[in-house]
Amino acid sequence: MAGPRVEFLWWSGCPSWERGLAELRGAMEEAGLDPASIEMRQIETEDDAARESFPGSPTIRVDGADVAEAAPSADSPLTCRVYRRRDGRPSPLPDPEDVRAALGSPE
Amino acid sequence: MSATDFELPATDGSRHSLSGADAAATVVYWTCNHCPYALAWEDRMHAVSRDYATRGVRTLAINSNDAERYPGDSPAAMAERAAAEDWPHPFLYDESQDVARAWGAERTPHVFVLDADLELRYEGAPDGDYDDESRDAEWLRGALDAVLAGERPPQAKTDPVGCTIKWR
């Protein structure tokens, strides 16, 4: 059976993408999935962002669904995305538990 | 290196300049509303501001982001947030971005520590991990402790980590 489609969308102006990608790869390995299957897509312009419905960097989608809810914002999406950890703290990356849950790993 | 003076408006309508305050040390840091790194470190910055105010340390926060493309960083949004969160120090708006350019500010947050003569003594990140509150802005606190003791900080510069300042 094929694994889920995992997409990683990122903008180079925010430094969180490298740590976010490393955490995603680790979570995929934990889930028995192949990290090499991640579809990487770099967002470079606001047109790219609009076409991809990109809410900020990085954004991770599993089978088309965002691993976290994106808060509505009037700001340009060419920036770091604000996530909330499960304890409420702001963070430039999604809570690892949210990523694992999206990948179907037991929490 | 002496810091470049400025005069900027704060969210409460007052104006603040770098010079003329007679502080034992001054913390100037760039921050904003929309950046998760700045948000993650903000409580630690406020704790430093409160903890060191009684030792004569003055703290000023500055937002220089382009508010047209990032309306979450507009003066109105800054004022709403500063009031709601009861900020312990002024939150200044650098609309022209001239102050950020003059200081070489690159990120939010980007912290600068000045001594009583307004000489730059530390520049960089508050501490080494936005995600670890136990770090407690230790690099910034260490720099302030050294300056207040009349000594050089253990490190003069670290790499600022955060969102880029949003230039026009």
# chains A, B, ... in the order shown; residues from 1 in each chain; ligands from 1
call {"tool": "closest_atom_pairs", "arguments": {"of": "chain B", "to": "chain A", "cutoff": "6 Å", "atoms": "only C-alpha atoms", "output": "tab-separated table"}}
result
residue	atom	partner	partner_atom	distance
B:Pro36	CA	A:Val82	CA	4.9
B:Ala40	CA	A:Pro90	CA	5.3
B:Arg69	CA	A:Ser76	CA	5.6
B:Tyr70	CA	A:Asp75	CA	4.2
B:Pro71	CA	A:Asp75	CA	5.7
B:Cys163	CA	A:Cys14	CA	5.8
call {"tool": "residues_around", "arguments": {"residues": "B:Ala76", "least_positions_apart": "6", "cutoff": "12 Å", "atoms": "only C-alpha atoms", "output": "PDB file with C-alpha atoms, in the first residue's frame"}}
result
ATOM      1  CA  ALA B  10       5.598  54.740  20.854  1.00  0.00           C
ATOM      2  CA  THR B  11       2.245  52.995  20.854  1.00  0.00           C
ATOM      3  CA  ASP B  12       0.920  55.337  23.560  1.00  0.00           C
ATOM      4  CA  GLY B  13       1.695  58.443  21.515  1.00  0.00           C
ATOM      5  CA  ASN B  33       3.678  41.100  15.942  1.00  0.00           C
ATOM      6  CA  ALA B  67       3.090  47.629   7.542  1.00  0.00           C
ATOM      7  CA  ALA B  82       1.084  46.372  23.797  1.00  0.00           C
ATOM      8  CA  ALA B  83      -1.999  47.412  25.745  1.00  0.00           C
ATOM      9  CA  PHE B  91       7.078  49.706  21.761  1.00  0.00           C
ATOM     10  CA  LEU B  92       8.368  52.081  19.082  1.00  0.00           C
ATOM     11  CA  TYR B  93       7.515  52.298  15.393  1.00  0.00           C
TER      12      TYR B  93
END
call {"tool": "select_by_dssp", "arguments": {"residues": "chain A", "states": "strand (DSSP E or B)", "output": "JSON, numbers by chain"}}
result
{"A": [6, 7, 8, 9, 10, 39, 40, 41, 42, 57, 59, 60, 61, 62, 65, 66, 80, 83, 84, 90, 91]}
call {"tool": "residues_around", "arguments": {"residues": "B:Arg107", "least_positions_apart": "6", "cutoff": "8 Å", "atoms": "only C-alpha atoms", "output": "ChimeraX atom specification"}}
result
/B:30-31,160-165
call {"tool": "write_last_selection", "arguments": {"atoms": "C-alpha atoms", "output": "PDB file, in the first residue's frame"}}
result
ATOM      1  CA  TRP B  30      13.738  44.696  17.185  1.00  0.00           C
ATOM      2  CA  THR B  31      10.529  42.733  17.396  1.00  0.00           C
ATOM      3  CA  PRO B 160      20.322  36.828  15.583  1.00  0.00           C
ATOM      4  CA  VAL B 161      17.725  34.135  14.866  1.00  0.00           C
ATOM      5  CA  GLY B 162      14.279  34.998  13.622  1.00  0.00           C
ATOM      6  CA  CYS B 163      12.247  36.447  10.795  1.00  0.00           C
ATOM      7  CA  THR B 164      13.914  38.898   8.464  1.00  0.00           C
ATOM      8  CA  ILE B 165      12.914  42.512   8.893  1.00  0.00           C
TER       9      ILE B 165
END
call {"tool": "atom_distance", "arguments": {"atom1": "atom CA of B:Ala143", "atom2": "atom CA of B:Thr108"}}
result
18.8 Å
call {"tool": "decode", "arguments": {"residues": "stretch 76-102 of chain A", "atoms": "C-alpha atoms", "output": "PDB file, in the first residue's frame"}}
result
ATOM      1  CA  SER A  76       1.925  38.617   3.146  1.00  0.00           C
ATOM      2  CA  PRO A  77       2.502  34.838   3.306  1.00  0.00           C
ATOM      3  CA  LEU A  78       6.164  35.407   2.495  1.00  0.00           C
ATOM      4  CA  THR A  79       7.146  35.134   6.126  1.00  0.00           C
ATOM      5  CA  CYS A  80       7.503  32.622   8.922  1.00  0.00           C
ATOM      6  CA  ARG A  81       4.256  30.949   9.831  1.00  0.00           C
ATOM      7  CA  VAL A  82       3.007  31.218  13.399  1.00  0.00           C
ATOM      8  CA  TYR A  83       2.107  27.846  14.903  1.00  0.00           C
ATOM      9  CA  ARG A  84       0.779  27.089  18.371  1.00  0.00           C
ATOM     10  CA  ARG A  85       2.249  24.204  20.290  1.00  0.00           C
ATOM     11  CA  ARG A  86      -0.223  22.021  22.113  1.00  0.00           C
ATOM     12  CA  ASP A  87       0.624  23.889  25.321  1.00  0.00           C
ATOM     13  CA  GLY A  88      -0.265  27.187  23.628  1.00  0.00           C
ATOM     14  CA  ARG A  89       3.236  28.525  23.055  1.00  0.00           C
ATOM     15  CA  PRO A  90       3.888  30.306  19.743  1.00  0.00           C
ATOM     16  CA  SER A  91       6.398  28.583  17.525  1.00  0.00           C
ATOM     17  CA  PRO A  92       7.750  28.779  13.972  1.00  0.00           C
ATOM     18  CA  LEU A  93       7.130  25.028  13.617  1.00  0.00           C
ATOM     19  CA  PRO A  94       4.117  22.795  14.177  1.00  0.00           C
ATOM     20  CA  ASP A  95       3.925  20.737  17.320  1.00  0.00           C
ATOM     21  CA  PRO A  96       5.714  17.429  16.597  1.00  0.00           C
ATOM     22  CA  GLU A  97       2.679  15.591  17.954  1.00  0.00           C
ATOM     23  CA  ASP A  98       0.500  17.255  15.333  1.00  0.00           C
ATOM     24  CA  VAL A  99       2.891  16.112  12.613  1.00  0.00           C
ATOM     25  CA  ARG A 100       2.956  12.559  13.955  1.00  0.00           C
ATOM     26  CA  ALA A 101      -0.831  12.498  14.203  1.00  0.00           C
ATOM     27  CA  ALA A 102      -1.169  13.687  10.612  1.00  0.00           C
TER      28      ALA A 102
END
